[in-house]
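Visitor: Next up, data-v4.cif (mmCIF, C-alpha atoms).
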data_coords
#
loop_
_atom_site.label_atom_id
_atom_site.label_comp_id
_atom_site.auth_asym_id
_atom_site.auth_seq_id
_atom_site.Cartn_x
_atom_site.Cartn_y
_atom_site.Cartn_z
CA MET A 1 15.86 -7.45 7.69
CA ASN A 2 18.37 -4.74 8.44
CA LYS A 3 18.21 -1.89 10.97
CA GLU A 4 17.08 0.61 8.34
CA GLU A 5 14.11 -1.57 7.36
CA THR A 6 13.15 -2.06 11.01
CA ASP A 7 13.47 1.66 11.66
CA ASN A 8 11.22 2.36 8.63
CA ILE A 9 8.48 0.13 10.06
CA ILE A 10 8.72 1.88 13.40
CA GLU A 11 8.69 5.30 11.72
CA GLU A 12 5.55 4.26 9.82
CA ILE A 13 3.82 3.37 13.11
CA ILE A 14 4.86 6.74 14.54
CA LYS A 15 3.68 8.57 11.41
CA ARG A 16 0.29 6.83 11.64
CA ASN A 17 0.08 7.64 15.37
CA MET A 18 -0.70 4.00 16.19
CA THR A 19 0.04 2.97 19.75
CA ILE A 20 2.00 -0.20 20.43
CA THR A 21 3.12 -2.45 23.28
CA PHE A 22 4.83 -5.81 23.76
CA MET A 23 4.82 -8.75 26.15
CA GLU A 24 8.07 -10.56 25.56
CA SER A 25 9.55 -13.73 26.92
CA CYS A 26 12.20 -15.25 24.66
CA THR A 27 13.29 -11.90 23.19
CA GLY A 28 13.90 -10.50 26.66
CA GLY A 29 12.84 -6.94 25.83
CA LEU A 30 14.62 -6.67 22.48
CA LEU A 31 11.43 -5.76 20.59
CA ALA A 32 10.83 -2.82 22.93
CA SER A 33 14.49 -1.85 22.84
CA MET A 34 14.53 -1.80 19.04
CA PHE A 35 11.35 0.29 18.99
CA THR A 36 12.71 2.87 21.41
CA ASP A 37 15.92 3.21 19.38
CA VAL A 38 13.92 5.31 16.91
CA SER A 39 13.39 9.01 17.56
CA GLY A 40 9.75 9.83 18.26
CA ALA A 41 8.90 6.41 19.69
CA SER A 42 7.76 7.90 22.99
CA ALA A 43 4.74 9.40 21.23
CA VAL A 44 3.25 5.96 20.49
CA PHE A 45 5.04 3.41 22.67
CA LYS A 46 2.96 2.92 25.82
CA GLY A 47 5.19 0.38 27.55
CA SER A 48 6.24 -3.22 27.57
CA LEU A 49 6.47 -6.25 29.81
CA VAL A 50 9.23 -8.83 29.89
CA THR A 51 7.62 -11.90 31.41
CA TYR A 52 10.37 -14.49 31.31
CA SER A 53 8.84 -16.75 33.97
CA ASN A 54 5.44 -18.42 33.89
CA GLN A 55 4.59 -16.74 37.19
CA MET A 56 5.10 -13.29 35.65
CA LYS A 57 3.02 -14.19 32.61
CA ILE A 58 0.19 -15.22 34.93
CA ALA A 59 0.61 -12.10 37.10
CA ALA A 60 0.33 -9.99 33.91
CA GLY A 61 -2.95 -11.63 32.92
CA VAL A 62 -2.15 -14.83 31.03
CA SER A 63 -4.40 -17.60 32.29
CA ALA A 64 -2.62 -20.38 34.14
CA GLY A 65 -4.93 -22.74 32.24
CA VAL A 66 -3.47 -21.62 28.90
CA ILE A 67 0.02 -22.43 30.12
CA GLU A 68 -1.06 -25.74 31.68
CA ASN A 69 -3.22 -26.91 28.76
CA SER A 70 -1.37 -25.55 25.72
CA GLY A 71 2.12 -25.01 27.11
CA VAL A 72 4.15 -21.88 27.60
CA TYR A 73 5.73 -22.42 24.18
CA SER A 74 2.55 -22.30 22.12
CA LYS A 75 0.43 -20.21 19.79
CA GLU A 76 -2.19 -20.00 22.53
CA CYS A 77 0.27 -18.60 25.06
CA ALA A 78 1.58 -16.00 22.60
CA GLY A 79 -2.01 -14.97 21.86
CA ALA A 80 -2.84 -14.75 25.56
CA MET A 81 0.28 -12.63 26.10
CA ALA A 82 -0.74 -10.21 23.35
CA ALA A 83 -4.31 -10.04 24.69
CA ALA A 84 -3.10 -9.42 28.25
CA VAL A 85 -0.73 -6.61 27.29
CA LYS A 86 -3.38 -5.08 25.02
CA LYS A 87 -5.76 -5.02 27.96
CA ILE A 88 -3.18 -3.43 30.26
CA TYR A 89 -2.10 -0.68 27.84
CA SER A 90 -5.13 -0.38 25.52
CA THR A 91 -3.14 -0.03 22.29
CA ASP A 92 -3.72 -0.33 18.54
CA ILE A 93 -0.96 -2.94 18.27
CA ALA A 94 -0.11 -5.55 20.90
CA ILE A 95 2.50 -8.25 20.42
CA GLY A 96 3.22 -11.35 22.51
CA ILE A 97 6.17 -13.68 21.89
CA THR A 98 7.33 -16.89 23.57
CA GLY A 99 9.82 -19.56 22.58
CA THR A 100 13.20 -21.14 23.14
CA THR A 101 16.38 -19.14 22.54
CA GLY A 102 19.06 -21.39 23.84
CA ASN A 103 19.40 -24.94 24.87
CA LYS A 104 16.22 -26.97 25.16
CA ASP A 105 14.40 -26.21 28.42
CA PRO A 106 14.87 -29.39 30.49
CA ALA A 107 11.82 -28.54 32.62
CA ASN A 108 9.49 -28.27 29.65
CA LYS A 109 8.70 -30.99 27.10
CA ASP A 110 7.32 -28.36 24.68
CA SER A 111 10.70 -26.65 24.40
CA ILE A 112 12.16 -27.05 20.92
CA LEU A 113 15.33 -25.16 20.11
CA GLY A 114 14.68 -22.64 17.34
CA THR A 115 10.92 -22.60 17.81
CA ALA A 116 8.99 -19.52 18.86
CA TYR A 117 5.41 -18.35 18.63
CA TYR A 118 4.21 -14.80 18.37
CA CYS A 119 0.90 -13.05 18.03
CA ILE A 120 0.26 -9.60 16.65
CA MET A 121 -3.05 -7.96 17.50
CA PHE A 122 -3.58 -5.12 15.08
CA ARG A 123 -6.66 -2.94 15.35
CA GLY A 124 -8.99 -5.80 16.29
CA LYS A 125 -7.42 -8.45 14.06
CA VAL A 126 -5.31 -11.34 15.35
CA TYR A 127 -2.30 -12.71 13.46
CA ASP A 128 -0.58 -15.85 14.75
CA TYR A 129 2.89 -16.97 13.69
CA LYS A 130 5.30 -19.80 14.35
CA ILE A 131 9.06 -19.63 13.81
CA GLU A 132 10.95 -22.86 13.18
CA GLU A 133 14.62 -22.33 12.44
CA ASN A 134 17.82 -24.31 12.73
CA VAL A 135 19.62 -22.10 15.23
CA SER A 136 22.27 -24.56 16.35
CA GLN A 137 25.07 -22.30 15.07
CA LEU A 138 23.67 -19.15 16.68
CA ASN A 139 24.16 -17.82 20.19
CA ARG A 140 21.26 -16.58 22.35
CA LYS A 141 21.75 -12.96 21.32
CA GLU A 142 21.63 -13.90 17.64
CA ILE A 143 18.52 -16.03 18.16
CA LYS A 144 16.74 -13.18 19.93
CA ARG A 145 17.67 -10.88 17.06
CA LEU A 146 16.38 -13.40 14.51
CA TYR A 147 13.06 -13.67 16.33
CA ALA A 148 12.73 -9.89 16.74
CA GLU A 149 13.45 -9.26 13.07
CA ARG A 150 10.83 -11.87 12.12
CA VAL A 151 8.25 -10.07 14.28
CA TYR A 152 9.03 -6.70 12.70
CA LYS A 153 8.88 -8.24 9.21
CA SER A 154 5.41 -9.62 9.95
CA LEU A 155 4.33 -6.30 11.44
CA ARG A 156 5.47 -4.55 8.27
CA GLN A 157 3.35 -6.91 6.14
CA ILE A 158 0.31 -6.31 8.34
CA ILE A 159 0.71 -2.54 8.14
CA LEU A 160 1.04 -2.67 4.35
CA GLN A 161 -2.04 -4.92 4.09
CA ASN A 162 -4.05 -2.47 6.16
CA SER A 163 -2.97 0.73 4.41
#
Could you render the structure as structure tokens?

Guide:
Amino acid sequence: MNKEETDNIIEEIIKRNMTITFMESCTGGLLASMFTDVSGASAVFKGSLVTYSNQMKIAAGVSAGVIENSGVYSKECAGAMAAAVKKIYSTDIAIGITGTTGNKDPANKDSILGTAYYCIMFRGKVYDYKIEENVSQLNRKEIKRLYAERVYKSLRQIILQNS
């Protein structure tokens, strides 16, 4: 997905006056940054949280039990992140993403290089996704970009399905 395609998705959200927010871990704020690169984003973008640590995820509303029982790198955690940020900002679209962008996390057995989970909550519907890619030849910045583009591609599909 190129910048023009991403910008078109964002412009469609703006045109439809749908509000959006993110809770990001592995993408480190890139989803929000990409969104705010488009003119008019301030009309629908309510805010975003970068919760890189487990403590910040919990402080933002993710249950410690989700992290303990399912792992921070899980579908359940991504869903809890989306639900928490949706509750904070009360938006039409809420997205949570968690995963590994660099070397395997030595403190976490669930860390698998090239694996990320994200959840898109769209007007009351929940869409869960898992990314599994061989990213051994990519640097962290490229991995974050790959993940962010995958999220925007999924968001585009959801918007088209719900037109």

Visitor: So which residues are close to (7.2, -7.2, 30.0), meaning at most 9 Å away in the file's coordinates with only C-alpha atoms counted, and can you show them as a compact mmCIF listing (two decimals) with C-alpha atoms, in the coordinates of the input?

Guide:
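Final output, saved to point.txt:
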# COMPACT_ATOMS: atom_id res chain seq x y z
CA PHE A 22 4.83 -5.81 23.76
CA MET A 23 4.82 -8.75 26.15
CA GLU A 24 8.07 -10.56 25.56
CA SER A 25 9.55 -13.73 26.92
CA GLY A 28 13.90 -10.50 26.66
CA GLY A 29 12.84 -6.94 25.83
CA GLY A 47 5.19 0.38 27.55
CA SER A 48 6.24 -3.22 27.57
CA LEU A 49 6.47 -6.25 29.81
CA VAL A 50 9.23 -8.83 29.89
CA THR A 51 7.62 -11.90 31.41
CA TYR A 52 10.37 -14.49 31.31
CA MET A 56 5.10 -13.29 35.65
CA LYS A 57 3.02 -14.19 32.61
CA ALA A 60 0.33 -9.99 33.91
CA VAL A 85 -0.73 -6.61 27.29

Visitor: Would you kindly translate the PyMOL selection byres ((chain A and resi 20) around 6) into the concrete residues it picks from this file, as a list of chain:residue names?

Guide: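 Applied to this file, the PyMOL selection byres ((chain A and resi 20) around 6) returns A:Thr19, A:Thr21, A:Phe45, A:Thr91, A:Ile93, A:Ala94.
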
Visitor: I would like the residues chosen by the PyMOL selection byres ((chain A and resi 152-163) around 8) on the shown file; could you give them as a VMD selection string?

Guide: chain A and resid 1 6 9 120 122 148 to 151

Visitor: Could you tell me how far atom CA of Met81 of chain A sits from atom CA of Glu5 of chain A, in Å to one decimal place?

Guide: 25.8 Å

Visitor: Which is closest to Gln137 of chain A among A:Gly71, A:Gly114, A:Gly124, A:Gly96, if we use all atoms listed in the file?

Guide: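 Closest to Gln137 of chain A, using all atoms listed in the file: A:Gly114.
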
Visitor: Env of Ile131 of chain A: 12 Å cut, atoms = only C-alpha atoms, seq-sep filter 2 positions within chain, self excluded. Answer as number ranges by chain.

Guide: A: 73-75, 97-101, 112-119, 128-129, 133-135, 143-144, 146-151, 154

Visitor: Using atom CA of Lys141 of chain A and atom CA of Asp7 of chain A as the two end points, give the distance in Å to one decimal.

Guide: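 For atom CA of Lys141 of chain A relative to atom CA of Asp7 of chain A, the distance reads 19.4 Å.
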
Visitor: Do you have the atom CA of Gln55 of chain A-atom CA of Val72 of chain A distance handy?

Guide: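 These atoms are spaced 10.9 Å apart.
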
Visitor: Nearest residue to Ile13 of chain A out of A:Glu142, A:Asp92, A:Glu132, A:Asp37, using only C-alpha atoms?

Guide: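 Looking only at the distances to Ile13 of chain A, the closest residue turns out to be A:Asp92.
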
Visitor: For each of A:Ser63, A:Ser90, A:Ser39, A:Ser53, take the minimum atom-to-atom distance to Glu11 of chain A, counting all atoms listed in the file, then give the residue where this is smallest.

Guide: A:Ser39

Visitor: Generate the missing atoms of segment 56-71 of chain A up to N, CA, C and O atoms and report them as a tab-separated table (two decimals), in the coordinates of the input.

Guide:
chain	number	residue	atom	x	y	z
A	56	MET	N	5.28	-14.67	36.09
A	56	MET	CA	5.10	-13.29	35.65
A	56	MET	C	4.07	-13.19	34.52
A	56	MET	O	3.33	-12.22	34.44
A	57	LYS	N	4.05	-14.19	33.65
A	57	LYS	CA	3.02	-14.19	32.61
A	57	LYS	C	1.64	-14.23	33.25
A	57	LYS	O	0.73	-13.48	32.87
A	58	ILE	N	1.47	-15.10	34.24
A	58	ILE	CA	0.19	-15.22	34.93
A	58	ILE	C	-0.14	-13.93	35.68
A	58	ILE	O	-1.27	-13.43	35.61
A	59	ALA	N	0.83	-13.35	36.37
A	59	ALA	CA	0.61	-12.10	37.10
A	59	ALA	C	0.19	-10.98	36.15
A	59	ALA	O	-0.56	-10.08	36.54
A	60	ALA	N	0.66	-11.03	34.90
A	60	ALA	CA	0.33	-9.99	33.91
A	60	ALA	C	-1.00	-10.24	33.22
A	60	ALA	O	-1.45	-9.39	32.45
A	61	GLY	N	-1.63	-11.40	33.49
A	61	GLY	CA	-2.95	-11.63	32.92
A	61	GLY	C	-3.10	-12.84	32.02
A	61	GLY	O	-4.19	-13.11	31.52
A	62	VAL	N	-2.04	-13.59	31.80
A	62	VAL	CA	-2.15	-14.83	31.03
A	62	VAL	C	-2.74	-15.90	31.94
A	62	VAL	O	-2.27	-16.09	33.06
A	63	SER	N	-3.75	-16.57	31.48
A	63	SER	CA	-4.40	-17.60	32.29
A	63	SER	C	-3.45	-18.77	32.55
A	63	SER	O	-2.79	-19.26	31.63
A	64	ALA	N	-3.42	-19.21	33.80
A	64	ALA	CA	-2.62	-20.38	34.14
A	64	ALA	C	-3.09	-21.58	33.33
A	64	ALA	O	-2.29	-22.44	32.96
A	65	GLY	N	-4.38	-21.64	33.04
A	65	GLY	CA	-4.93	-22.74	32.24
A	65	GLY	C	-4.35	-22.80	30.84
A	65	GLY	O	-4.13	-23.88	30.30
A	66	VAL	N	-4.09	-21.64	30.23
A	66	VAL	CA	-3.47	-21.62	28.90
A	66	VAL	C	-2.09	-22.26	28.97
A	66	VAL	O	-1.74	-23.10	28.13
A	67	ILE	N	-1.33	-21.89	29.98
A	67	ILE	CA	0.02	-22.43	30.12
A	67	ILE	C	-0.03	-23.92	30.43
A	67	ILE	O	0.71	-24.72	29.85
A	68	GLU	N	-0.94	-24.33	31.31
A	68	GLU	CA	-1.06	-25.74	31.68
A	68	GLU	C	-1.58	-26.60	30.53
A	68	GLU	O	-1.09	-27.70	30.30
A	69	ASN	N	-2.57	-26.11	29.80
A	69	ASN	CA	-3.22	-26.91	28.76
A	69	ASN	C	-2.51	-26.86	27.41
A	69	ASN	O	-2.48	-27.86	26.69
A	70	SER	N	-1.99	-25.69	27.04
A	70	SER	CA	-1.37	-25.55	25.72
A	70	SER	C	0.15	-25.48	25.79
A	70	SER	O	0.80	-25.66	24.78
A	71	GLY	N	0.68	-25.16	26.95
A	71	GLY	CA	2.12	-25.01	27.11
A	71	GLY	C	2.54	-23.57	27.00
A	71	GLY	O	1.89	-22.76	26.34
